[in-house]
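Everything below belongs to model34.cif, which stores mmCIF, N, CA and C atoms.
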data_entry
loop_
_atom_site.label_atom_id
_atom_site.label_comp_id
_atom_site.auth_asym_id
_atom_site.auth_seq_id
_atom_site.Cartn_x
_atom_site.Cartn_y
_atom_site.Cartn_z
N MET A 24 1.69 32.38 11.53
CA MET A 24 2.41 32.05 12.76
C MET A 24 3.73 32.82 12.75
N ASP A 25 3.98 33.53 13.82
CA ASP A 25 5.19 34.32 13.90
C ASP A 25 6.17 33.71 14.91
N ALA A 26 7.28 34.40 15.13
CA ALA A 26 8.32 33.90 16.02
C ALA A 26 7.82 33.73 17.46
N LEU A 27 6.94 34.60 17.90
CA LEU A 27 6.40 34.50 19.26
C LEU A 27 5.53 33.26 19.42
N ASP A 28 4.71 32.97 18.41
CA ASP A 28 3.91 31.74 18.44
C ASP A 28 4.83 30.52 18.50
N ARG A 29 5.90 30.55 17.74
CA ARG A 29 6.85 29.43 17.75
C ARG A 29 7.52 29.27 19.13
N LYS A 30 7.80 30.39 19.78
CA LYS A 30 8.35 30.32 21.14
C LYS A 30 7.35 29.68 22.10
N ILE A 31 6.09 30.08 21.98
CA ILE A 31 5.04 29.50 22.82
C ILE A 31 4.96 27.99 22.61
N LEU A 32 4.97 27.57 21.35
CA LEU A 32 4.91 26.14 21.05
C LEU A 32 6.13 25.41 21.59
N ALA A 33 7.31 26.00 21.45
CA ALA A 33 8.53 25.36 21.95
C ALA A 33 8.47 25.17 23.46
N GLU A 34 8.01 26.19 24.17
CA GLU A 34 7.92 26.09 25.63
C GLU A 34 6.91 25.02 26.05
N LEU A 35 5.77 24.98 25.38
CA LEU A 35 4.74 23.99 25.73
C LEU A 35 5.17 22.57 25.40
N GLN A 36 5.97 22.41 24.35
CA GLN A 36 6.47 21.07 24.04
C GLN A 36 7.44 20.57 25.11
N MET A 37 8.15 21.50 25.73
CA MET A 37 9.07 21.12 26.80
C MET A 37 8.32 20.86 28.11
N ASP A 38 7.24 21.63 28.34
CA ASP A 38 6.46 21.46 29.57
C ASP A 38 5.02 21.88 29.31
N GLY A 39 4.18 20.93 29.01
CA GLY A 39 2.78 21.19 28.71
C GLY A 39 1.94 21.57 29.91
N ARG A 40 2.53 21.53 31.10
CA ARG A 40 1.79 21.87 32.32
C ARG A 40 2.02 23.30 32.79
N LEU A 41 2.72 24.09 31.97
CA LEU A 41 2.94 25.48 32.35
C LEU A 41 1.62 26.21 32.50
N THR A 42 1.54 27.06 33.51
CA THR A 42 0.38 27.95 33.60
C THR A 42 0.56 29.05 32.56
N VAL A 43 -0.50 29.75 32.25
CA VAL A 43 -0.41 30.85 31.29
C VAL A 43 0.54 31.92 31.83
N THR A 44 0.53 32.13 33.12
CA THR A 44 1.43 33.12 33.73
C THR A 44 2.90 32.71 33.55
N GLU A 45 3.20 31.44 33.80
CA GLU A 45 4.57 30.96 33.61
C GLU A 45 4.98 31.02 32.14
N LEU A 46 4.07 30.62 31.27
CA LEU A 46 4.34 30.66 29.83
C LEU A 46 4.61 32.09 29.37
N ALA A 47 3.77 33.01 29.81
CA ALA A 47 3.94 34.43 29.43
C ALA A 47 5.31 34.94 29.87
N ALA A 48 5.73 34.58 31.07
CA ALA A 48 7.04 35.03 31.56
C ALA A 48 8.17 34.45 30.71
N ARG A 49 8.04 33.19 30.34
CA ARG A 49 9.11 32.55 29.56
C ARG A 49 9.24 33.13 28.15
N VAL A 50 8.13 33.56 27.58
CA VAL A 50 8.19 34.12 26.22
C VAL A 50 8.21 35.65 26.22
N ARG A 51 8.30 36.22 27.44
CA ARG A 51 8.39 37.67 27.63
C ARG A 51 7.20 38.40 27.00
N LEU A 52 6.03 38.02 27.49
CA LEU A 52 4.77 38.60 27.02
C LEU A 52 3.87 38.75 28.23
N SER A 53 2.98 39.71 28.22
CA SER A 53 2.03 39.82 29.33
C SER A 53 1.00 38.70 29.22
N VAL A 54 0.30 38.46 30.31
CA VAL A 54 -0.58 37.29 30.41
C VAL A 54 -1.73 37.33 29.39
N SER A 55 -2.42 38.43 29.27
CA SER A 55 -3.59 38.49 28.36
C SER A 55 -3.23 38.20 26.91
N PRO A 56 -2.22 38.86 26.34
CA PRO A 56 -1.86 38.52 24.95
C PRO A 56 -1.35 37.09 24.80
N CYS A 57 -0.65 36.59 25.82
CA CYS A 57 -0.17 35.21 25.77
C CYS A 57 -1.35 34.25 25.76
N HIS A 58 -2.32 34.51 26.61
CA HIS A 58 -3.51 33.67 26.68
C HIS A 58 -4.26 33.70 25.34
N ARG A 59 -4.38 34.88 24.75
CA ARG A 59 -5.06 35.03 23.46
C ARG A 59 -4.34 34.23 22.37
N ARG A 60 -3.01 34.34 22.35
CA ARG A 60 -2.23 33.60 21.35
C ARG A 60 -2.36 32.08 21.57
N LEU A 61 -2.35 31.68 22.82
CA LEU A 61 -2.48 30.26 23.15
C LEU A 61 -3.83 29.72 22.65
N ARG A 62 -4.90 30.44 22.91
CA ARG A 62 -6.23 30.01 22.45
C ARG A 62 -6.29 29.99 20.92
N ASP A 63 -5.66 30.96 20.25
CA ASP A 63 -5.62 30.97 18.78
C ASP A 63 -4.87 29.75 18.25
N LEU A 64 -3.76 29.40 18.88
CA LEU A 64 -2.99 28.22 18.46
C LEU A 64 -3.80 26.94 18.64
N GLU A 65 -4.57 26.89 19.71
CA GLU A 65 -5.44 25.72 19.93
C GLU A 65 -6.56 25.69 18.90
N ARG A 66 -7.20 26.80 18.69
CA ARG A 66 -8.33 26.87 17.75
C ARG A 66 -7.89 26.56 16.31
N GLU A 67 -6.69 27.03 15.93
CA GLU A 67 -6.18 26.81 14.57
C GLU A 67 -5.64 25.39 14.38
N GLY A 68 -5.51 24.63 15.46
CA GLY A 68 -5.04 23.25 15.35
C GLY A 68 -3.54 23.08 15.46
N ALA A 69 -2.79 24.17 15.68
CA ALA A 69 -1.35 24.03 15.87
C ALA A 69 -1.07 23.23 17.14
N ILE A 70 -1.89 23.44 18.16
CA ILE A 70 -1.85 22.63 19.38
C ILE A 70 -3.03 21.67 19.31
N ARG A 71 -2.71 20.38 19.15
CA ARG A 71 -3.77 19.38 18.99
C ARG A 71 -4.30 18.87 20.32
N GLY A 72 -3.56 19.06 21.39
CA GLY A 72 -4.02 18.60 22.68
C GLY A 72 -2.89 18.58 23.69
N TYR A 73 -3.21 18.13 24.89
CA TYR A 73 -2.24 18.04 25.98
C TYR A 73 -2.36 16.64 26.55
N ARG A 74 -1.21 16.06 26.93
CA ARG A 74 -1.24 14.71 27.48
C ARG A 74 -0.01 14.44 28.32
N ALA A 75 -0.10 13.42 29.14
CA ALA A 75 1.06 12.97 29.90
C ALA A 75 1.84 11.99 29.04
N VAL A 76 3.15 12.06 29.08
CA VAL A 76 4.00 11.10 28.38
C VAL A 76 4.35 10.02 29.39
N VAL A 77 3.84 8.81 29.15
CA VAL A 77 3.98 7.71 30.10
C VAL A 77 5.12 6.80 29.65
N ASP A 78 5.95 6.40 30.59
CA ASP A 78 7.03 5.47 30.32
C ASP A 78 6.44 4.08 30.11
N PRO A 79 6.60 3.49 28.92
CA PRO A 79 6.02 2.16 28.67
C PRO A 79 6.45 1.11 29.68
N ALA A 80 7.69 1.14 30.10
CA ALA A 80 8.18 0.14 31.07
C ALA A 80 7.45 0.26 32.40
N ALA A 81 7.05 1.47 32.76
CA ALA A 81 6.35 1.68 34.03
C ALA A 81 4.98 1.02 34.05
N VAL A 82 4.42 0.77 32.87
CA VAL A 82 3.10 0.13 32.79
C VAL A 82 3.21 -1.28 32.20
N GLY A 83 4.43 -1.83 32.21
CA GLY A 83 4.63 -3.22 31.81
C GLY A 83 4.74 -3.47 30.32
N LEU A 84 4.91 -2.43 29.52
CA LEU A 84 5.05 -2.61 28.07
C LEU A 84 6.52 -2.44 27.69
N ASP A 85 7.32 -3.43 28.07
CA ASP A 85 8.77 -3.37 27.90
C ASP A 85 9.24 -3.81 26.52
N PHE A 86 8.37 -4.42 25.74
CA PHE A 86 8.75 -5.01 24.45
C PHE A 86 8.18 -4.16 23.32
N GLU A 87 9.04 -3.77 22.40
CA GLU A 87 8.58 -2.96 21.28
C GLU A 87 9.11 -3.52 19.97
N ALA A 88 8.25 -3.49 18.95
CA ALA A 88 8.63 -3.96 17.62
C ALA A 88 8.14 -2.97 16.58
N LEU A 89 8.84 -2.95 15.47
CA LEU A 89 8.39 -2.21 14.30
C LEU A 89 7.92 -3.25 13.29
N VAL A 90 6.71 -3.08 12.81
CA VAL A 90 6.13 -4.04 11.88
C VAL A 90 5.87 -3.32 10.56
N PHE A 91 6.40 -3.89 9.50
CA PHE A 91 6.21 -3.35 8.16
C PHE A 91 5.14 -4.18 7.48
N ALA A 92 4.10 -3.52 6.97
CA ALA A 92 2.98 -4.22 6.34
C ALA A 92 2.91 -3.86 4.87
N THR A 93 2.78 -4.88 4.04
CA THR A 93 2.57 -4.71 2.61
C THR A 93 1.18 -5.25 2.30
N LEU A 94 0.38 -4.45 1.60
CA LEU A 94 -0.98 -4.86 1.26
C LEU A 94 -1.01 -5.57 -0.09
N ARG A 95 -2.01 -6.44 -0.25
CA ARG A 95 -2.21 -7.14 -1.53
C ARG A 95 -2.60 -6.15 -2.63
N TRP A 96 -3.54 -5.28 -2.29
CA TRP A 96 -4.04 -4.28 -3.23
C TRP A 96 -4.05 -2.95 -2.52
N GLU A 97 -3.94 -1.89 -3.30
CA GLU A 97 -3.96 -0.56 -2.71
C GLU A 97 -5.15 0.26 -3.19
N ASP A 98 -6.27 -0.42 -3.41
CA ASP A 98 -7.48 0.29 -3.80
C ASP A 98 -8.05 0.99 -2.56
N PRO A 99 -8.88 2.01 -2.75
CA PRO A 99 -9.38 2.78 -1.61
C PRO A 99 -10.10 1.95 -0.55
N ASP A 100 -10.86 0.93 -0.96
CA ASP A 100 -11.58 0.11 0.02
C ASP A 100 -10.63 -0.69 0.90
N THR A 101 -9.59 -1.28 0.29
CA THR A 101 -8.62 -2.06 1.05
C THR A 101 -7.84 -1.18 2.01
N VAL A 102 -7.38 -0.03 1.50
CA VAL A 102 -6.62 0.90 2.33
C VAL A 102 -7.47 1.37 3.51
N SER A 103 -8.70 1.74 3.25
CA SER A 103 -9.60 2.20 4.30
C SER A 103 -9.86 1.11 5.33
N ALA A 104 -10.13 -0.10 4.88
CA ALA A 104 -10.40 -1.21 5.79
C ALA A 104 -9.17 -1.51 6.65
N PHE A 105 -8.00 -1.51 6.02
CA PHE A 105 -6.77 -1.76 6.78
C PHE A 105 -6.56 -0.68 7.83
N GLU A 106 -6.69 0.58 7.43
CA GLU A 106 -6.42 1.68 8.36
C GLU A 106 -7.42 1.70 9.51
N GLU A 107 -8.67 1.42 9.25
CA GLU A 107 -9.66 1.36 10.34
C GLU A 107 -9.35 0.23 11.29
N ALA A 108 -8.98 -0.93 10.74
CA ALA A 108 -8.70 -2.10 11.58
C ALA A 108 -7.43 -1.89 12.41
N VAL A 109 -6.40 -1.32 11.82
CA VAL A 109 -5.16 -1.11 12.56
C VAL A 109 -5.35 -0.05 13.65
N ALA A 110 -6.19 0.93 13.40
CA ALA A 110 -6.48 1.96 14.40
C ALA A 110 -7.21 1.38 15.61
N ALA A 111 -7.85 0.24 15.44
CA ALA A 111 -8.60 -0.40 16.53
C ALA A 111 -7.73 -1.33 17.38
N VAL A 112 -6.46 -1.48 17.04
CA VAL A 112 -5.56 -2.36 17.81
C VAL A 112 -4.81 -1.49 18.83
N PRO A 113 -5.15 -1.59 20.11
CA PRO A 113 -4.58 -0.69 21.12
C PRO A 113 -3.06 -0.76 21.25
N HIS A 114 -2.46 -1.90 20.96
CA HIS A 114 -1.01 -2.04 21.10
C HIS A 114 -0.24 -1.41 19.94
N VAL A 115 -0.93 -0.96 18.92
CA VAL A 115 -0.28 -0.21 17.84
C VAL A 115 -0.22 1.24 18.29
N LEU A 116 0.98 1.69 18.63
CA LEU A 116 1.18 3.04 19.16
C LEU A 116 1.23 4.08 18.05
N GLN A 117 1.76 3.69 16.92
CA GLN A 117 1.84 4.59 15.77
C GLN A 117 1.67 3.75 14.51
N ALA A 118 1.09 4.36 13.49
CA ALA A 118 0.96 3.71 12.19
C ALA A 118 1.13 4.78 11.12
N GLN A 119 2.06 4.57 10.22
CA GLN A 119 2.29 5.51 9.13
C GLN A 119 2.16 4.81 7.79
N ARG A 120 1.48 5.46 6.86
CA ARG A 120 1.43 4.98 5.48
C ARG A 120 2.66 5.51 4.78
N LEU A 121 3.33 4.66 4.04
CA LEU A 121 4.60 5.00 3.41
C LEU A 121 4.47 5.01 1.88
N PHE A 122 5.36 5.72 1.23
CA PHE A 122 5.50 5.61 -0.22
C PHE A 122 6.38 4.41 -0.52
N GLY A 123 6.09 3.71 -1.60
CA GLY A 123 6.90 2.55 -1.96
C GLY A 123 6.55 1.36 -1.10
N GLU A 124 7.51 0.43 -1.03
CA GLU A 124 7.30 -0.76 -0.21
C GLU A 124 8.17 -0.69 1.01
N PRO A 125 7.69 -1.12 2.13
CA PRO A 125 6.34 -1.60 2.42
C PRO A 125 5.35 -0.44 2.43
N ASP A 126 4.09 -0.79 2.58
CA ASP A 126 3.02 0.21 2.54
C ASP A 126 2.83 0.94 3.87
N TYR A 127 3.08 0.24 4.98
CA TYR A 127 2.84 0.81 6.31
C TYR A 127 3.96 0.45 7.26
N LEU A 128 4.18 1.32 8.22
CA LEU A 128 5.07 1.07 9.35
C LEU A 128 4.25 1.19 10.62
N LEU A 129 4.25 0.14 11.43
CA LEU A 129 3.51 0.12 12.69
C LEU A 129 4.51 0.02 13.84
N ARG A 130 4.30 0.83 14.85
CA ARG A 130 5.09 0.73 16.09
C ARG A 130 4.19 0.07 17.12
N VAL A 131 4.65 -1.07 17.63
CA VAL A 131 3.82 -1.92 18.49
C VAL A 131 4.53 -2.13 19.83
N ALA A 132 3.77 -2.02 20.92
CA ALA A 132 4.32 -2.28 22.25
C ALA A 132 3.50 -3.36 22.94
N THR A 133 4.20 -4.33 23.52
CA THR A 133 3.56 -5.40 24.28
C THR A 133 4.39 -5.67 25.54
N THR A 134 3.92 -6.62 26.35
CA THR A 134 4.63 -6.94 27.58
C THR A 134 5.91 -7.73 27.32
N ASP A 135 5.89 -8.61 26.34
CA ASP A 135 7.05 -9.46 26.07
C ASP A 135 6.91 -10.11 24.70
N LEU A 136 7.89 -10.93 24.34
CA LEU A 136 7.91 -11.58 23.03
C LEU A 136 6.69 -12.48 22.83
N ALA A 137 6.29 -13.20 23.85
CA ALA A 137 5.13 -14.10 23.72
C ALA A 137 3.86 -13.30 23.44
N ALA A 138 3.70 -12.16 24.11
CA ALA A 138 2.52 -11.32 23.87
C ALA A 138 2.57 -10.73 22.46
N PHE A 139 3.77 -10.37 22.00
CA PHE A 139 3.91 -9.86 20.64
C PHE A 139 3.55 -10.93 19.62
N GLN A 140 4.02 -12.14 19.84
CA GLN A 140 3.72 -13.23 18.91
C GLN A 140 2.21 -13.47 18.83
N LEU A 141 1.54 -13.45 19.96
CA LEU A 141 0.10 -13.64 20.00
C LEU A 141 -0.61 -12.50 19.24
N LEU A 142 -0.21 -11.28 19.51
CA LEU A 142 -0.79 -10.13 18.81
C LEU A 142 -0.52 -10.24 17.31
N TYR A 143 0.68 -10.60 16.94
CA TYR A 143 1.07 -10.75 15.53
C TYR A 143 0.19 -11.78 14.84
N ASP A 144 0.08 -12.96 15.46
CA ASP A 144 -0.66 -14.07 14.85
C ASP A 144 -2.17 -13.83 14.84
N GLU A 145 -2.70 -13.29 15.93
CA GLU A 145 -4.16 -13.19 16.06
C GLU A 145 -4.75 -11.89 15.54
N ARG A 146 -3.98 -10.81 15.53
CA ARG A 146 -4.55 -9.52 15.10
C ARG A 146 -3.87 -8.96 13.86
N LEU A 147 -2.55 -8.81 13.94
CA LEU A 147 -1.85 -8.12 12.85
C LEU A 147 -1.88 -8.90 11.54
N ALA A 148 -1.62 -10.20 11.59
CA ALA A 148 -1.61 -11.01 10.37
C ALA A 148 -3.01 -11.12 9.76
N ARG A 149 -4.03 -10.82 10.54
CA ARG A 149 -5.41 -10.92 10.06
C ARG A 149 -6.01 -9.56 9.67
N LEU A 150 -5.20 -8.53 9.66
CA LEU A 150 -5.70 -7.22 9.24
C LEU A 150 -6.13 -7.29 7.78
N PRO A 151 -7.18 -6.58 7.40
CA PRO A 151 -7.68 -6.64 6.02
C PRO A 151 -6.62 -6.25 4.99
N GLY A 152 -6.51 -7.06 3.95
CA GLY A 152 -5.65 -6.74 2.82
C GLY A 152 -4.18 -7.03 2.99
N VAL A 153 -3.77 -7.60 4.12
CA VAL A 153 -2.35 -7.83 4.36
C VAL A 153 -1.83 -8.95 3.47
N GLN A 154 -0.78 -8.64 2.74
CA GLN A 154 -0.09 -9.66 1.95
C GLN A 154 1.11 -10.20 2.73
N ARG A 155 1.86 -9.27 3.35
CA ARG A 155 3.08 -9.68 4.04
C ARG A 155 3.35 -8.74 5.21
N LEU A 156 3.81 -9.31 6.30
CA LEU A 156 4.28 -8.55 7.46
C LEU A 156 5.74 -8.91 7.70
N THR A 157 6.53 -7.91 8.00
CA THR A 157 7.92 -8.11 8.38
C THR A 157 8.13 -7.30 9.64
N SER A 158 8.83 -7.86 10.60
CA SER A 158 9.02 -7.10 11.84
C SER A 158 10.48 -7.11 12.26
N THR A 159 10.81 -6.11 13.04
CA THR A 159 12.12 -6.01 13.65
C THR A 159 11.92 -5.52 15.08
N LEU A 160 12.79 -5.92 15.96
CA LEU A 160 12.65 -5.57 17.37
C LEU A 160 13.42 -4.29 17.68
N VAL A 161 12.85 -3.48 18.53
CA VAL A 161 13.51 -2.25 18.97
C VAL A 161 14.44 -2.62 20.12
N MET A 162 15.71 -2.35 19.92
CA MET A 162 16.70 -2.67 20.94
C MET A 162 16.85 -1.51 21.93
N LYS A 163 16.78 -0.27 21.41
CA LYS A 163 17.03 0.88 22.26
C LYS A 163 16.46 2.12 21.59
N HIS A 164 15.90 3.02 22.40
CA HIS A 164 15.45 4.32 21.88
C HIS A 164 16.62 5.30 22.01
N VAL A 165 17.06 5.82 20.90
CA VAL A 165 18.16 6.77 20.91
C VAL A 165 17.60 8.19 20.98
N VAL A 166 16.59 8.47 20.17
CA VAL A 166 15.86 9.74 20.20
C VAL A 166 14.39 9.34 20.34
N ASP A 167 13.73 9.85 21.36
CA ASP A 167 12.36 9.43 21.60
C ASP A 167 11.50 10.63 21.98
N ASP A 168 10.41 10.82 21.27
CA ASP A 168 9.43 11.84 21.60
C ASP A 168 10.03 13.24 21.69
N ARG A 169 10.88 13.54 20.71
CA ARG A 169 11.55 14.85 20.67
C ARG A 169 10.56 15.93 20.26
N PRO A 170 10.65 17.12 20.87
CA PRO A 170 9.80 18.23 20.42
C PRO A 170 10.13 18.60 18.97
N LEU A 171 9.16 19.15 18.28
CA LEU A 171 9.40 19.61 16.91
C LEU A 171 10.40 20.75 16.92
N PRO A 172 11.23 20.85 15.88
CA PRO A 172 12.18 21.97 15.84
C PRO A 172 11.47 23.30 15.65
N ALA A 173 12.08 24.34 16.19
CA ALA A 173 11.48 25.68 16.11
C ALA A 173 11.59 26.25 14.71
#
Once more with this new file: its structure as structure tokens, please.
Amino acid sequence: MDALDRKILAELQMDGRLTVTELAARVRLSVSPCHRRLRDLEREGAIRGYRAVVDPAAVGLDFEALVFATLRWEDPDTVSAFEEAVAAVPHVLQAQRLFGEPDYLLRVATTDLAAFQLLYDERLARLPGVQRLTSTLVMKHVVDDRPLPA
């Protein structure tokens, strides 16, 4: 990946709806080579996809919490079962496995505190292998969905 590929990625992170013609103009490249580089970036997996970034409040998901999960055991079967089960919970927007304690960080969005409590009690606390859950509420997004640095 060279500097031109990085420019293409930077432009697409700012506006994923650019046409190839607009993208080529922004990175100062003709359309055909820009299109070829774009397809190569997609094929190589540098570009994983395109999507709309939706405002959670606009769809009624005004409440967000970070949930830290510690597992009882960290054997491959428990880890796999936990990860599959957490991936099936639609209100979990992100899930990261961490080094040390806790084992996982989950970003969860719901309509309100009551909906979060229900999700916590009925789904999250019952995830396979969970020993302990700790949560904190998100008060404000200071940096949100920032493009990757060039």
Handout entry: For atom C of Pro170 in chain A and atom N of Met37 in chain A, the interatomic separation in Å (one decimal)
Key =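 Result for atom C of Pro170 in chain A versus atom N of Met37 in chain A: 7.6 Å, one decimal.
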Problem - 12 Å contact set for Leu89 in chain A, only C-alpha atoms, chain neighbours under 5 positions out, as a list of chain:residue names - result: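 Those residues are A:His114, A:Val115, A:Leu116, A:Gln117, A:Ala118, A:Gln119, A:Tyr127, A:Leu128, A:Leu129, A:Arg130, A:Val131, A:Ala132, A:Thr133, A:Phe139, A:Tyr143, A:Leu147, A:Leu156, A:Thr157, A:Ser158, A:Thr159, A:Leu160, A:Val161, A:Met162.
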Practice task
Check range 75-156 of chain A with DSSP on the backbone and list each residue it calls helix (DSSP H, G or I), as a PyMOL selection string.
Solution key: chain A and resi 79-82+99-110+136-147
Write out the residues from the selection above, keeping N, CA and C atoms, as a tab-separated table (two decimals), keeping the file's coordinate frame.
chain	number	residue	atom	x	y	z
A	79	PRO	N	6.60	3.49	28.92
A	79	PRO	CA	6.02	2.16	28.67
A	79	PRO	C	6.45	1.11	29.68
A	80	ALA	N	7.69	1.14	30.10
A	80	ALA	CA	8.18	0.14	31.07
A	80	ALA	C	7.45	0.26	32.40
A	81	ALA	N	7.05	1.47	32.76
A	81	ALA	CA	6.35	1.68	34.03
A	81	ALA	C	4.98	1.02	34.05
A	82	VAL	N	4.42	0.77	32.87
A	82	VAL	CA	3.10	0.13	32.79
A	82	VAL	C	3.21	-1.28	32.20
A	99	PRO	N	-8.88	2.01	-2.75
A	99	PRO	CA	-9.38	2.78	-1.61
A	99	PRO	C	-10.10	1.95	-0.55
A	100	ASP	N	-10.86	0.93	-0.96
A	100	ASP	CA	-11.58	0.11	0.02
A	100	ASP	C	-10.63	-0.69	0.90
A	101	THR	N	-9.59	-1.28	0.29
A	101	THR	CA	-8.62	-2.06	1.05
A	101	THR	C	-7.84	-1.18	2.01
A	102	VAL	N	-7.38	-0.03	1.50
A	102	VAL	CA	-6.62	0.90	2.33
A	102	VAL	C	-7.47	1.37	3.51
A	103	SER	N	-8.70	1.74	3.25
A	103	SER	CA	-9.60	2.20	4.30
A	103	SER	C	-9.86	1.11	5.33
A	104	ALA	N	-10.13	-0.10	4.88
A	104	ALA	CA	-10.40	-1.21	5.79
A	104	ALA	C	-9.17	-1.51	6.65
A	105	PHE	N	-8.00	-1.51	6.02
A	105	PHE	CA	-6.77	-1.76	6.78
A	105	PHE	C	-6.56	-0.68	7.83
A	106	GLU	N	-6.69	0.58	7.43
A	106	GLU	CA	-6.42	1.68	8.36
A	106	GLU	C	-7.42	1.70	9.51
A	107	GLU	N	-8.67	1.42	9.25
A	107	GLU	CA	-9.66	1.36	10.34
A	107	GLU	C	-9.35	0.23	11.29
A	108	ALA	N	-8.98	-0.93	10.74
A	108	ALA	CA	-8.70	-2.10	11.58
A	108	ALA	C	-7.43	-1.89	12.41
A	109	VAL	N	-6.40	-1.32	11.82
A	109	VAL	CA	-5.16	-1.11	12.56
A	109	VAL	C	-5.35	-0.05	13.65
A	110	ALA	N	-6.19	0.93	13.40
A	110	ALA	CA	-6.48	1.96	14.40
A	110	ALA	C	-7.21	1.38	15.61
A	136	LEU	N	7.89	-10.93	24.34
A	136	LEU	CA	7.91	-11.58	23.03
A	136	LEU	C	6.69	-12.48	22.83
A	137	ALA	N	6.29	-13.20	23.85
A	137	ALA	CA	5.13	-14.10	23.72
A	137	ALA	C	3.86	-13.30	23.44
A	138	ALA	N	3.70	-12.16	24.11
A	138	ALA	CA	2.52	-11.32	23.87
A	138	ALA	C	2.57	-10.73	22.46
A	139	PHE	N	3.77	-10.37	22.00
A	139	PHE	CA	3.91	-9.86	20.64
A	139	PHE	C	3.55	-10.93	19.62
A	140	GLN	N	4.02	-12.14	19.84
A	140	GLN	CA	3.72	-13.23	18.91
A	140	GLN	C	2.21	-13.47	18.83
A	141	LEU	N	1.54	-13.45	19.96
A	141	LEU	CA	0.10	-13.64	20.00
A	141	LEU	C	-0.61	-12.50	19.24
A	142	LEU	N	-0.21	-11.28	19.51
A	142	LEU	CA	-0.79	-10.13	18.81
A	142	LEU	C	-0.52	-10.24	17.31
A	143	TYR	N	0.68	-10.60	16.94
A	143	TYR	CA	1.07	-10.75	15.53
A	143	TYR	C	0.19	-11.78	14.84
A	144	ASP	N	0.08	-12.96	15.46
A	144	ASP	CA	-0.66	-14.07	14.85
A	144	ASP	C	-2.17	-13.83	14.84
A	145	GLU	N	-2.70	-13.29	15.93
A	145	GLU	CA	-4.16	-13.19	16.06
A	145	GLU	C	-4.75	-11.89	15.54
A	146	ARG	N	-3.98	-10.81	15.53
A	146	ARG	CA	-4.55	-9.52	15.10
A	146	ARG	C	-3.87	-8.96	13.86
A	147	LEU	N	-2.55	-8.81	13.94
A	147	LEU	CA	-1.85	-8.12	12.85
A	147	LEU	C	-1.88	-8.90	11.54
Completion exercise
Judged by all atoms listed in the file, the minimum distance to Asp126 in chain A among A:Phe91, A:Arg62, A:Tyr73, A:Asp28 is found for A:Phe91
Practice task
Please report, as a PyMOL selection string, each residue of chain A to which DSSP assigns strand (DSSP E) when run on this structure's backbone.
Solution key: chain A and resi 86-94+115-120+127-133+153-160
Exercise for the section: Quote the spacing between CA of Pro125 in chain A and CA of Val90 in chain A in Å to one decimal place. Expected result: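 CA of Val90 in chain A lies 9.8 Å from CA of Pro125 in chain A.
Considering the residues A:Thr101, A:Ser55, A:Thr93, A:Thr44 and counting all atoms listed in the file, Gln154 in chain A has its shortest atom-to-atom contact with A:Thr93.
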Exercise for the section: For Ala75 in chain A, work out the shell of residues within 12 Å, counting only C-alpha atoms and skipping chain neighbours fewer than 4 positions away, then give it as a list in words. Expected result: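 The residues satisfying every condition are Gln36, Met37, Asp38, Gly39, Arg40, Pro79 and Asp168 of chain A.
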Practice task
Counting all atoms listed in the file, figure out which residue out of A:Leu46, A:Asp78, A:Ala148, A:Glu87 gets nearest to Glu34 in chain A.
Solution key: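 Using all atoms listed in the file, the shortest distance to Glu34 in chain A belongs to A:Leu46.
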Problem - Pairwise distance for CA of Ala138 in chain A and CA of Leu84 in chain A, rounded to one decimal in Å - result: 10.0 Å
